[in-house]
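Chemist: I'm passing along entry-v6.pdb; it holds PDB, C-alpha atoms and all ligand atoms.
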```
ATOM      1  CA  MET B   1      97.287  88.382 113.868  1.00  0.00           C
ATOM      2  CA  LYS B   2      95.469  85.197 112.885  1.00  0.00           C
ATOM      3  CA  ASN B   3      95.001  84.390 116.582  1.00  0.00           C
ATOM      4  CA  ARG B   4      93.343  87.752 117.199  1.00  0.00           C
ATOM      5  CA  LEU B   5      90.837  87.175 114.407  1.00  0.00           C
ATOM      6  CA  GLU B   6      90.158  83.619 115.559  1.00  0.00           C
ATOM      7  CA  SER B   7      89.632  84.779 119.128  1.00  0.00           C
ATOM      8  CA  ALA B   8      87.249  87.488 118.039  1.00  0.00           C
ATOM      9  CA  LYS B   9      85.239  84.894 116.117  1.00  0.00           C
ATOM     10  CA  SER B  10      85.049  82.412 119.007  1.00  0.00           C
ATOM     11  CA  GLY B  11      84.096  85.029 121.631  1.00  0.00           C
ATOM     12  CA  ALA B  12      87.398  84.656 123.487  1.00  0.00           C
ATOM     13  CA  LEU B  13      89.121  87.688 124.953  1.00  0.00           C
ATOM     14  CA  THR B  14      91.391  89.686 122.622  1.00  0.00           C
ATOM     15  CA  PRO B  15      95.023  89.526 123.798  1.00  0.00           C
ATOM     16  CA  ASP B  16      97.229  92.559 124.497  1.00  0.00           C
ATOM     17  CA  GLU B  17     100.124  91.149 122.487  1.00  0.00           C
ATOM     18  CA  VAL B  18     100.746  88.411 119.946  1.00  0.00           C
ATOM     19  CA  ILE B  19     104.312  87.130 119.582  1.00  0.00           C
ATOM     20  CA  ARG B  20     104.900  84.371 117.017  1.00  0.00           C
ATOM     21  CA  ASP B  21     101.136  83.601 117.101  1.00  0.00           C
ATOM     22  CA  VAL B  22     101.268  83.206 120.899  1.00  0.00           C
ATOM     23  CA  ALA B  23      98.630  85.404 122.583  1.00  0.00           C
ATOM     24  CA  ILE B  24      99.596  87.264 125.766  1.00  0.00           C
ATOM     25  CA  HIS B  25      97.057  88.826 128.126  1.00  0.00           C
ATOM     26  CA  ARG B  26      99.001  91.185 130.378  1.00  0.00           C
ATOM     27  CA  GLN B  27      97.848  91.497 133.999  1.00  0.00           C
ATOM     28  CA  LEU B  28      94.619  89.648 133.295  1.00  0.00           C
ATOM     29  CA  LEU B  29      94.442  88.792 137.003  1.00  0.00           C
ATOM     30  CA  ASP B  30      94.460  91.658 139.499  1.00  0.00           C
ATOM     31  CA  ASP B  31      96.103  91.359 142.953  1.00  0.00           C
ATOM     32  CA  ALA B  32      92.965  90.066 144.677  1.00  0.00           C
ATOM     33  CA  ALA B  33      92.376  87.409 141.992  1.00  0.00           C
ATOM     34  CA  GLN B  34      96.029  86.318 142.216  1.00  0.00           C
ATOM     35  CA  ARG B  35      95.866  86.038 146.008  1.00  0.00           C
ATOM     36  CA  SER B  36      92.696  83.985 145.978  1.00  0.00           C
ATOM     37  CA  MET B  37      94.148  81.701 143.262  1.00  0.00           C
ATOM     38  CA  VAL B  38      97.218  81.116 145.447  1.00  0.00           C
ATOM     39  CA  ASP B  39      94.898  80.219 148.376  1.00  0.00           C
ATOM     40  CA  ASP B  40      93.134  77.689 146.117  1.00  0.00           C
ATOM     41  CA  LEU B  41      96.519  76.269 145.075  1.00  0.00           C
ATOM     42  CA  ARG B  42      97.592  75.864 148.712  1.00  0.00           C
ATOM     43  CA  ALA B  43      94.611  73.548 149.212  1.00  0.00           C
ATOM     44  CA  VAL B  44      95.564  71.606 146.054  1.00  0.00           C
ATOM     45  CA  VAL B  45      99.204  71.062 147.053  1.00  0.00           C
ATOM     46  CA  GLN B  46      98.143  70.022 150.558  1.00  0.00           C
ATOM     47  CA  GLN B  47      96.341  67.076 148.941  1.00  0.00           C
ATOM     48  CA  ALA B  48      98.831  66.549 146.113  1.00  0.00           C
ATOM     49  CA  PRO B  49     102.263  67.747 147.324  1.00  0.00           C
ATOM     50  CA  LEU B  50     104.871  69.195 144.958  1.00  0.00           C
ATOM     51  CA  PHE B  51     107.540  66.736 143.779  1.00  0.00           C
ATOM     52  CA  SER B  52     110.563  66.845 141.455  1.00  0.00           C
ATOM     53  CA  PRO B  53     109.940  64.503 138.512  1.00  0.00           C
ATOM     54  CA  MET B  54     112.854  62.605 137.011  1.00  0.00           C
ATOM     55  CA  THR B  55     113.545  63.330 133.352  1.00  0.00           C
ATOM     56  CA  PRO B  56     113.810  60.353 130.967  1.00  0.00           C
ATOM     57  CA  TYR B  57     117.540  61.195 130.921  1.00  0.00           C
ATOM     58  CA  GLY B  58     117.827  60.351 134.643  1.00  0.00           C
ATOM     59  CA  LYS B  59     118.149  63.871 136.110  1.00  0.00           C
ATOM     60  CA  PRO B  60     115.563  65.407 138.467  1.00  0.00           C
ATOM     61  CA  MET B  61     113.788  68.446 136.968  1.00  0.00           C
ATOM     62  CA  ARG B  62     114.729  71.830 138.497  1.00  0.00           C
ATOM     63  CA  VAL B  63     111.076  72.828 138.648  1.00  0.00           C
ATOM     64  CA  ARG B  64     108.872  71.208 141.333  1.00  0.00           C
ATOM     65  CA  MET B  65     105.449  70.103 140.156  1.00  0.00           C
ATOM     66  CA  SER B  66     102.008  68.861 141.037  1.00  0.00           C
ATOM     67  CA  SER B  67      98.694  68.808 139.163  1.00  0.00           C
ATOM     68  CA  ALA B  68      94.951  69.185 139.498  1.00  0.00           C
ATOM     69  CA  GLY B  69      92.294  67.654 137.258  1.00  0.00           C
ATOM     70  CA  ARG B  70      91.486  64.246 135.773  1.00  0.00           C
ATOM     71  CA  TYR B  71      95.121  63.820 134.830  1.00  0.00           C
ATOM     72  CA  GLY B  72      98.463  65.006 136.129  1.00  0.00           C
ATOM     73  CA  TRP B  73     101.584  65.413 134.037  1.00  0.00           C
ATOM     74  CA  PHE B  74     104.378  63.071 135.058  1.00  0.00           C
ATOM     75  CA  SER B  75     107.861  62.094 133.977  1.00  0.00           C
ATOM     76  CA  ASP B  76     110.311  59.342 134.905  1.00  0.00           C
ATOM     77  CA  ARG B  77     112.910  57.092 133.236  1.00  0.00           C
ATOM     78  CA  THR B  78     110.204  55.618 130.983  1.00  0.00           C
ATOM     79  CA  GLY B  79     109.177  58.995 129.526  1.00  0.00           C
ATOM     80  CA  TYR B  80     106.739  61.926 129.705  1.00  0.00           C
ATOM     81  CA  ARG B  81     103.046  61.136 130.145  1.00  0.00           C
ATOM     82  CA  TYR B  82      99.789  61.887 131.954  1.00  0.00           C
ATOM     83  CA  GLU B  83      98.802  59.860 135.025  1.00  0.00           C
ATOM     84  CA  PRO B  84      95.389  59.644 136.747  1.00  0.00           C
ATOM     85  CA  ARG B  85      97.059  59.633 140.199  1.00  0.00           C
ATOM     86  CA  HIS B  86      99.662  61.569 142.141  1.00  0.00           C
ATOM     87  CA  PRO B  87     102.833  59.465 142.714  1.00  0.00           C
ATOM     88  CA  GLY B  88     101.641  59.140 146.358  1.00  0.00           C
ATOM     89  CA  GLY B  89      98.664  57.091 145.063  1.00  0.00           C
ATOM     90  CA  THR B  90      95.724  59.517 145.487  1.00  0.00           C
ATOM     91  CA  ALA B  91      93.632  61.008 142.666  1.00  0.00           C
ATOM     92  CA  TRP B  92      94.582  64.572 141.713  1.00  0.00           C
ATOM     93  CA  PRO B  93      92.305  67.224 143.292  1.00  0.00           C
ATOM     94  CA  PRO B  94      89.820  68.983 140.972  1.00  0.00           C
ATOM     95  CA  ILE B  95      90.953  72.103 139.114  1.00  0.00           C
ATOM     96  CA  PRO B  96      89.779  75.112 141.201  1.00  0.00           C
ATOM     97  CA  ASP B  97      86.983  77.205 139.668  1.00  0.00           C
ATOM     98  CA  SER B  98      89.175  80.334 139.808  1.00  0.00           C
ATOM     99  CA  ILE B  99      91.533  78.657 137.314  1.00  0.00           C
ATOM    100  CA  ILE B 100      88.816  77.173 135.080  1.00  0.00           C
ATOM    101  CA  GLY B 101      87.353  80.697 134.880  1.00  0.00           C
ATOM    102  CA  VAL B 102      90.572  81.962 133.257  1.00  0.00           C
ATOM    103  CA  TRP B 103      90.435  79.160 130.650  1.00  0.00           C
ATOM    104  CA  ASP B 104      86.813  80.105 129.876  1.00  0.00           C
ATOM    105  CA  ARG B 105      87.669  83.793 129.464  1.00  0.00           C
ATOM    106  CA  VAL B 106      90.668  83.420 127.197  1.00  0.00           C
ATOM    107  CA  THR B 107      89.530  80.480 125.048  1.00  0.00           C
ATOM    108  CA  GLY B 108      85.732  80.894 124.837  1.00  0.00           C
ATOM    109  CA  LEU B 109      85.595  77.073 124.498  1.00  0.00           C
ATOM    110  CA  SER B 110      82.947  74.827 126.048  1.00  0.00           C
ATOM    111  CA  ARG B 111      85.484  71.966 126.372  1.00  0.00           C
ATOM    112  CA  ARG B 112      87.372  72.376 129.621  1.00  0.00           C
ATOM    113  CA  PRO B 113      90.934  71.297 130.430  1.00  0.00           C
ATOM    114  CA  ASP B 114      91.650  67.868 131.949  1.00  0.00           C
ATOM    115  CA  CYS B 115      94.917  68.904 133.555  1.00  0.00           C
ATOM    116  CA  CYS B 116      96.257  71.909 135.399  1.00  0.00           C
ATOM    117  CA  LEU B 117      99.981  71.370 135.772  1.00  0.00           C
ATOM    118  CA  ILE B 118     101.419  73.386 138.673  1.00  0.00           C
ATOM    119  CA  ASN B 119     105.072  74.330 138.182  1.00  0.00           C
ATOM    120  CA  PHE B 120     106.966  75.945 141.045  1.00  0.00           C
ATOM    121  CA  TYR B 121     110.205  77.761 140.157  1.00  0.00           C
ATOM    122  CA  ASP B 122     112.614  78.865 142.863  1.00  0.00           C
ATOM    123  CA  ALA B 123     115.092  81.641 142.027  1.00  0.00           C
ATOM    124  CA  ASP B 124     117.471  79.245 140.218  1.00  0.00           C
ATOM    125  CA  ALA B 125     114.947  77.082 138.382  1.00  0.00           C
ATOM    126  CA  ARG B 126     114.444  77.130 134.635  1.00  0.00           C
ATOM    127  CA  MET B 127     112.724  75.060 131.975  1.00  0.00           C
ATOM    128  CA  GLY B 128     114.444  74.228 128.702  1.00  0.00           C
ATOM    129  CA  LEU B 129     112.905  74.799 125.269  1.00  0.00           C
ATOM    130  CA  HIS B 130     110.319  72.089 124.547  1.00  0.00           C
ATOM    131  CA  GLN B 131     107.016  71.433 122.800  1.00  0.00           C
ATOM    132  CA  ASP B 132     103.821  70.386 124.642  1.00  0.00           C
ATOM    133  CA  ARG B 133     102.935  67.248 122.700  1.00  0.00           C
ATOM    134  CA  ASP B 134     101.785  64.589 125.176  1.00  0.00           C
ATOM    135  CA  GLU B 135      98.116  65.403 124.448  1.00  0.00           C
ATOM    136  CA  ALA B 136      95.802  63.585 122.010  1.00  0.00           C
ATOM    137  CA  ASP B 137      94.341  66.561 120.131  1.00  0.00           C
ATOM    138  CA  PHE B 138      96.424  69.622 119.252  1.00  0.00           C
ATOM    139  CA  SER B 139      93.385  71.575 118.092  1.00  0.00           C
ATOM    140  CA  PHE B 140      92.824  72.601 121.734  1.00  0.00           C
ATOM    141  CA  PRO B 141      95.028  75.440 122.993  1.00  0.00           C
ATOM    142  CA  VAL B 142      97.378  75.414 125.964  1.00  0.00           C
ATOM    143  CA  VAL B 143      96.726  78.189 128.500  1.00  0.00           C
ATOM    144  CA  SER B 144      99.385  79.232 130.968  1.00  0.00           C
ATOM    145  CA  ILE B 145      99.002  81.504 134.002  1.00  0.00           C
ATOM    146  CA  SER B 146     101.963  83.217 135.720  1.00  0.00           C
ATOM    147  CA  LEU B 147     101.966  84.032 139.454  1.00  0.00           C
ATOM    148  CA  GLY B 148     104.759  85.486 141.592  1.00  0.00           C
ATOM    149  CA  ASP B 149     108.223  86.517 140.406  1.00  0.00           C
ATOM    150  CA  ASP B 150     108.835  87.434 136.753  1.00  0.00           C
ATOM    151  CA  GLY B 151     109.952  84.660 134.394  1.00  0.00           C
ATOM    152  CA  LEU B 152     111.806  85.163 131.109  1.00  0.00           C
ATOM    153  CA  PHE B 153     109.730  83.276 128.542  1.00  0.00           C
ATOM    154  CA  ARG B 154     111.531  82.200 125.382  1.00  0.00           C
ATOM    155  CA  LEU B 155     109.656  81.398 122.188  1.00  0.00           C
ATOM    156  CA  GLY B 156     111.245  79.406 119.405  1.00  0.00           C
ATOM    157  CA  ASN B 157     109.824  77.809 116.298  1.00  0.00           C
ATOM    158  CA  LEU B 158     107.712  74.804 115.320  1.00  0.00           C
ATOM    159  CA  THR B 159     110.866  72.737 114.921  1.00  0.00           C
ATOM    160  CA  ARG B 160     113.960  72.719 117.124  1.00  0.00           C
ATOM    161  CA  GLY B 161     116.538  75.438 116.413  1.00  0.00           C
ATOM    162  CA  GLY B 162     116.373  78.802 114.657  1.00  0.00           C
ATOM    163  CA  LYS B 163     116.068  82.293 116.067  1.00  0.00           C
ATOM    164  CA  THR B 164     114.150  82.779 119.304  1.00  0.00           C
ATOM    165  CA  GLU B 165     112.392  85.726 120.951  1.00  0.00           C
ATOM    166  CA  SER B 166     111.919  86.396 124.675  1.00  0.00           C
ATOM    167  CA  THR B 167     109.510  88.343 126.836  1.00  0.00           C
ATOM    168  CA  TRP B 168     109.162  88.718 130.616  1.00  0.00           C
ATOM    169  CA  LEU B 169     105.984  87.233 132.082  1.00  0.00           C
ATOM    170  CA  GLY B 170     104.758  88.957 135.241  1.00  0.00           C
ATOM    171  CA  SER B 171     102.319  87.928 137.940  1.00  0.00           C
ATOM    172  CA  GLY B 172      98.786  87.814 136.542  1.00  0.00           C
ATOM    173  CA  ASP B 173      99.855  87.449 132.892  1.00  0.00           C
ATOM    174  CA  VAL B 174      98.123  84.717 130.873  1.00  0.00           C
ATOM    175  CA  VAL B 175      99.533  83.119 127.711  1.00  0.00           C
ATOM    176  CA  VAL B 176      97.563  81.157 125.100  1.00  0.00           C
ATOM    177  CA  MET B 177      99.360  78.838 122.682  1.00  0.00           C
ATOM    178  CA  GLY B 178      96.781  77.708 120.151  1.00  0.00           C
ATOM    179  CA  GLY B 179      96.227  77.419 116.416  1.00  0.00           C
ATOM    180  CA  ASP B 180      99.499  77.856 114.531  1.00  0.00           C
ATOM    181  CA  ALA B 181     101.366  78.308 117.835  1.00  0.00           C
ATOM    182  CA  ARG B 182     100.089  75.144 119.583  1.00  0.00           C
ATOM    183  CA  LEU B 183     103.332  73.253 118.996  1.00  0.00           C
ATOM    184  CA  ILE B 184     105.770  76.130 119.296  1.00  0.00           C
ATOM    185  CA  TYR B 185     108.975  75.470 121.250  1.00  0.00           C
ATOM    186  CA  HIS B 186     108.982  77.456 124.497  1.00  0.00           C
ATOM    187  CA  GLY B 187     110.736  77.560 127.854  1.00  0.00           C
ATOM    188  CA  ILE B 188     111.704  79.683 130.848  1.00  0.00           C
ATOM    189  CA  ASP B 189     115.306  80.937 130.875  1.00  0.00           C
ATOM    190  CA  ARG B 190     115.393  82.509 134.301  1.00  0.00           C
ATOM    191  CA  ILE B 191     113.469  83.955 137.209  1.00  0.00           C
ATOM    192  CA  ARG B 192     113.878  87.553 138.367  1.00  0.00           C
ATOM    193  CA  ALA B 193     113.835  86.969 142.140  1.00  0.00           C
ATOM    194  CA  GLY B 194     112.117  89.512 144.382  1.00  0.00           C
ATOM    195  CA  THR B 195     109.931  91.085 141.663  1.00  0.00           C
ATOM    196  CA  SER B 196     106.645  90.063 143.304  1.00  0.00           C
ATOM    197  CA  ALA B 197     105.379  89.977 146.894  1.00  0.00           C
ATOM    198  CA  LEU B 198     102.600  87.492 146.056  1.00  0.00           C
ATOM    199  CA  LEU B 199     104.365  84.375 147.398  1.00  0.00           C
ATOM    200  CA  PRO B 200     105.695  84.907 150.934  1.00  0.00           C
ATOM    201  CA  GLN B 201     108.831  82.827 150.255  1.00  0.00           C
ATOM    202  CA  GLY B 202     109.311  84.245 146.719  1.00  0.00           C
ATOM    203  CA  GLY B 203     109.525  82.202 143.535  1.00  0.00           C
ATOM    204  CA  ARG B 204     107.214  81.761 140.567  1.00  0.00           C
ATOM    205  CA  ILE B 205     104.200  79.538 139.970  1.00  0.00           C
ATOM    206  CA  ASN B 206     103.114  78.665 136.467  1.00  0.00           C
ATOM    207  CA  LEU B 207      99.816  76.916 135.833  1.00  0.00           C
ATOM    208  CA  THR B 208      99.502  75.131 132.496  1.00  0.00           C
ATOM    209  CA  LEU B 209      95.994  74.082 131.418  1.00  0.00           C
ATOM    210  CA  ARG B 210      95.652  71.388 128.755  1.00  0.00           C
ATOM    211  CA  VAL B 211      92.988  69.158 127.225  1.00  0.00           C
ATOM    212  CA  VAL B 212      94.553  65.710 127.458  1.00  0.00           C
ATOM    213  CA  ASP B 213      92.307  63.149 125.685  1.00  0.00           C
TER     214      ASP B 213
HETATM  215  O1  LIG B 301     106.525  78.327 133.182  1.00  0.00           O
HETATM  216  C1  LIG B 301     106.073  78.633 132.085  1.00  0.00           C
HETATM  217  O2  LIG B 301     105.682  79.776 131.824  1.00  0.00           O
HETATM  218  C2  LIG B 301     106.019  77.601 130.977  1.00  0.00           C
HETATM  219  C3  LIG B 301     105.719  76.219 131.516  1.00  0.00           C
HETATM  220  C4  LIG B 301     105.806  75.181 130.442  1.00  0.00           C
HETATM  221  O3  LIG B 301     106.322  75.424 129.400  1.00  0.00           O
HETATM  222  C5  LIG B 301     105.235  73.835 130.631  1.00  0.00           C
HETATM  223  O4  LIG B 301     104.785  73.496 131.738  1.00  0.00           O
HETATM  224  O5  LIG B 301     105.249  73.068 129.645  1.00  0.00           O
END
```
Can the structure in the file be given as structure tokens, please?
Ligand SMILES: O=C(O)CCC(=O)C(=O)O

Modeler:
Amino acid sequence: MKNRLESAKSGALTPDEVIRDVAIHRQLLDDAAQRSMVDDLRAVVQQAPLFSPMTPYGKPMRVRMSSAGRYGWFSDRTGYRYEPRHPGGTAWPPIPDSIIGVWDRVTGLSRRPDCCLINFYDADARMGLHQDRDEADFSFPVVSISLGDDGLFRLGNLTRGGKTESTWLGSGDVVVMGGDARLIYHGIDRIRAGTSALLPQGGRINLTLRVVD
């Protein structure tokens, strides 16, 4: 409930649901907006192709990734971090306006994100419970946009362990983790293949917007 009051104060959009202080805007993007965002993303991944980062534990991640913005999120044997360049050596493309517009609507902030992480999940991909904590200032929220097939989003606690709660995220849903929920553990347990016709080959895209430094 605190998030709702804070959003009302800052001029940000009021969410449809709040679970464990995480705000969820259901179907914020209609079909046309989703399609044009996917077109924008095609141009981004043409310049900065998807890759499978290596975890610090030496296993490739199941989710394929790329980024747009001043920084891209990266992982290898030496750890998780932000990098100013794609592993191929070029700067990351700018974050498309269609995506920045979503940040503006749901946060009401004048500060814009430095990174849009693009996660691509095929039908078998998942992402384990983790915190987003590679950024310098946790007072800025994390905004996440779902496109394509449904993903089962699990929310934990501010420390590892304890009871969790899950909700399906559909295409066009937007999640905001800010305030008391900024460091909540979260992850994607599974993808419900064939639930969306947005991506011709199926799968799910998640865009995660973060202020990095
Ligand atoms: O795919 C999602 O909805 C969550 C992505 C995520 O947790 C992350 O990129 O840190």

Chemist: Report the residues retrieved by the PyMOL selection byres (((chain B and resi 110) around 12) and not hetatm) from the displayed file, expressed as a PyMOL selection string.

Modeler: chain B and resi 10-12+100-101+103-109+111-113+140+211

Chemist: Quick one: write out the picked residues with C-alpha atoms as a PDB file, in the frame of the given file?

Modeler:
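Output file part_2.pdb follows:
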```
ATOM      1  CA  SER B  10      85.049  82.412 119.007  1.00  0.00           C
ATOM      2  CA  GLY B  11      84.096  85.029 121.631  1.00  0.00           C
ATOM      3  CA  ALA B  12      87.398  84.656 123.487  1.00  0.00           C
ATOM      4  CA  ILE B 100      88.816  77.173 135.080  1.00  0.00           C
ATOM      5  CA  GLY B 101      87.353  80.697 134.880  1.00  0.00           C
ATOM      6  CA  TRP B 103      90.435  79.160 130.650  1.00  0.00           C
ATOM      7  CA  ASP B 104      86.813  80.105 129.876  1.00  0.00           C
ATOM      8  CA  ARG B 105      87.669  83.793 129.464  1.00  0.00           C
ATOM      9  CA  VAL B 106      90.668  83.420 127.197  1.00  0.00           C
ATOM     10  CA  THR B 107      89.530  80.480 125.048  1.00  0.00           C
ATOM     11  CA  GLY B 108      85.732  80.894 124.837  1.00  0.00           C
ATOM     12  CA  LEU B 109      85.595  77.073 124.498  1.00  0.00           C
ATOM     13  CA  ARG B 111      85.484  71.966 126.372  1.00  0.00           C
ATOM     14  CA  ARG B 112      87.372  72.376 129.621  1.00  0.00           C
ATOM     15  CA  PRO B 113      90.934  71.297 130.430  1.00  0.00           C
ATOM     16  CA  PHE B 140      92.824  72.601 121.734  1.00  0.00           C
ATOM     17  CA  VAL B 211      92.988  69.158 127.225  1.00  0.00           C
TER      18      VAL B 211
END
```

Chemist: Counting only C-alpha atoms, which of B:Asp132, B:Asp124, B:Glu165, B:Asp150 gets nearest to Arg64 in chain B?

Modeler: B:Asp124

Chemist: I need the residue nearest ligand LIG 301 (chain B) from this list: B:Pro84, B:Gly72, B:Pro94, B:Gly194. Use all atoms listed in the file for the distance.

Modeler: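 Among B:Pro84, B:Gly72, B:Pro94, B:Gly194, it is B:Gly72 that comes nearest to ligand LIG 301 (chain B).
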
Chemist: Range 47-150 of chain B near range 18-29 of chain B within 10 Å: what's each residue's closest atom pair and its distance in Å to one decimal, counting all atoms listed in the file, ordered by chain then ascending residue number, as CSV?

Modeler:
```
residue,atom,partner,partner_atom,distance
B:Val102,CA,B:Leu28,CA,8.7
B:Arg105,CA,B:Leu28,CA,9.9
B:Val106,CA,B:His25,CA,8.4
B:Val143,CA,B:Ala23,CA,9.5
B:Ser144,CA,B:Ile24,CA,9.6
B:Ile145,CA,B:Leu29,CA,9.1
B:Ser146,CA,B:Gln27,CA,9.4
B:Leu147,CA,B:Leu29,CA,9.2
```

Chemist: Using all atoms listed in the file, determine which residues lie at most 7 Å from Arg182 in chain B, disregarding the query and same-chain residues fewer than 6 positions distant; provide the list as an MDAnalysis selection string.

Modeler: chainID B and resid 138 141:142

Chemist: What residues of the protein or nucleic acid chains come within 7 Å of ligand LIG 301 (chain B) when you use all atoms listed in the file? Reply as a VMD selection string.

Modeler: chain B and resid 117 119 127 132 144 146 151 153 186 to 188 206 208

Chemist: Distance CA of Met65 in chain B-CA of Leu158 in chain B, one decimal place?

Modeler: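 Distance between the two atoms: 25.4 Å.
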
Chemist: Restricting the calculation to only C-alpha atoms, which member of B:Asp149, B:Asp40, B:Glu135, B:Asp16 is positioned closest to Trp168 in chain B?

Modeler: B:Asp149

Chemist: Rounded to one decimal, what separation in Å do you get between CA of Gly88 in chain B and CA of Arg35 in chain B?

Modeler: 27.5 Å

Chemist: I'd like the neighbourhood of Glu83 in chain B as JSON, numbers by chain, where a residue qualifies if any of its atoms comes within 7 Å (using only C-alpha atoms), though same-chain residues fewer than 2 positions away should be ignored.

Modeler: {"B": [71, 72, 73, 74, 81, 85]}

Chemist: How far is it from CA of Asp30 in chain B to CA of Gly172 in chain B, in Å with one decimal?

Modeler: 6.5 Å

Chemist: Any chance you could resolve the PyMOL selection byres (((chain B and resi 46) around 12) and not hetatm) against this file and give the residues as a PyMOL selection string?

Modeler: chain B and resi 39-45+47-50+66-68+90+92-93

Chemist: Residue by residue, what does the PyMOL selection byres (((chain B and resi 55) around 12) and not hetatm) grab here? Present the result as a list in words.

Modeler: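 Those residues are Ser52, Pro53, Met54, Pro56, Tyr57, Gly58, Lys59, Pro60, Met61, Arg62, Val63, Phe74, Ser75, Asp76, Arg77, Thr78, Gly79, Tyr80, Arg81, Met127 and Gly128 of chain B.
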
Chemist: Dump range 112-163 of chain B with C-alpha atoms to a file, as an mmCIF file, in the first residue's frame.

Modeler:
```cif
data_model
loop_
_atom_site.group_PDB
_atom_site.id
_atom_site.type_symbol
_atom_site.label_atom_id
_atom_site.label_comp_id
_atom_site.auth_asym_id
_atom_site.auth_seq_id
_atom_site.Cartn_x
_atom_site.Cartn_y
_atom_site.Cartn_z
ATOM 1 C CA ARG B 112 16.035 8.123 -16.720
ATOM 2 C CA PRO B 113 17.490 4.603 -16.717
ATOM 3 C CA ASP B 114 21.064 3.955 -17.893
ATOM 4 C CA CYS B 115 20.444 0.340 -18.829
ATOM 5 C CA CYS B 116 17.705 -1.652 -20.488
ATOM 6 C CA LEU B 117 18.610 -5.297 -20.051
ATOM 7 C CA ILE B 118 16.933 -7.496 -22.678
ATOM 8 C CA ASN B 119 16.300 -11.051 -21.480
ATOM 9 C CA PHE B 120 15.062 -13.645 -23.956
ATOM 10 C CA TYR B 121 13.499 -16.808 -22.496
ATOM 11 C CA ASP B 122 12.804 -19.818 -24.688
ATOM 12 C CA ALA B 123 10.220 -22.350 -23.482
ATOM 13 C CA ASP B 124 12.699 -24.049 -21.108
ATOM 14 C CA ALA B 125 14.493 -20.994 -19.741
ATOM 15 C CA ARG B 126 14.149 -19.748 -16.188
ATOM 16 C CA MET B 127 15.869 -17.318 -13.853
ATOM 17 C CA GLY B 128 16.636 -18.242 -10.259
ATOM 18 C CA LEU B 129 15.698 -16.105 -7.252
ATOM 19 C CA HIS B 130 18.103 -13.158 -6.962
ATOM 20 C CA GLN B 131 18.333 -9.519 -5.914
ATOM 21 C CA ASP B 132 19.201 -6.673 -8.332
ATOM 22 C CA ARG B 133 22.106 -5.089 -6.474
ATOM 23 C CA ASP B 134 24.807 -4.196 -9.011
ATOM 24 C CA GLU B 135 23.611 -0.560 -9.103
ATOM 25 C CA ALA B 136 25.040 2.377 -7.119
ATOM 26 C CA ASP B 137 21.823 3.871 -5.726
ATOM 27 C CA PHE B 138 18.917 1.702 -4.574
ATOM 28 C CA SER B 139 16.618 4.693 -4.165
ATOM 29 C CA PHE B 140 15.790 4.392 -7.887
ATOM 30 C CA PRO B 141 13.257 1.695 -8.789
ATOM 31 C CA VAL B 142 13.698 -1.193 -11.199
ATOM 32 C CA VAL B 143 11.050 -1.363 -13.941
ATOM 33 C CA SER B 144 10.424 -4.561 -15.845
ATOM 34 C CA ILE B 145 8.333 -5.041 -18.994
ATOM 35 C CA SER B 146 7.020 -8.451 -20.133
ATOM 36 C CA LEU B 147 6.460 -9.297 -23.818
ATOM 37 C CA GLY B 148 5.415 -12.602 -25.391
ATOM 38 C CA ASP B 149 4.633 -15.841 -23.557
ATOM 39 C CA ASP B 150 3.534 -15.791 -19.903
ATOM 40 C CA GLY B 151 6.237 -16.110 -17.238
ATOM 41 C CA LEU B 152 5.690 -17.301 -13.664
ATOM 42 C CA PHE B 153 7.201 -14.561 -11.503
ATOM 43 C CA ARG B 154 8.225 -15.562 -7.991
ATOM 44 C CA LEU B 155 8.636 -13.004 -5.225
ATOM 45 C CA GLY B 156 10.576 -13.778 -2.083
ATOM 46 C CA ASN B 157 11.825 -11.597 0.730
ATOM 47 C CA LEU B 158 14.550 -9.030 1.384
ATOM 48 C CA THR B 159 16.868 -11.804 2.527
ATOM 49 C CA ARG B 160 17.319 -15.262 1.021
ATOM 50 C CA GLY B 161 14.809 -17.910 2.128
ATOM 51 C CA GLY B 162 11.335 -17.744 3.653
ATOM 52 C CA LYS B 163 7.932 -18.097 2.052
#
```
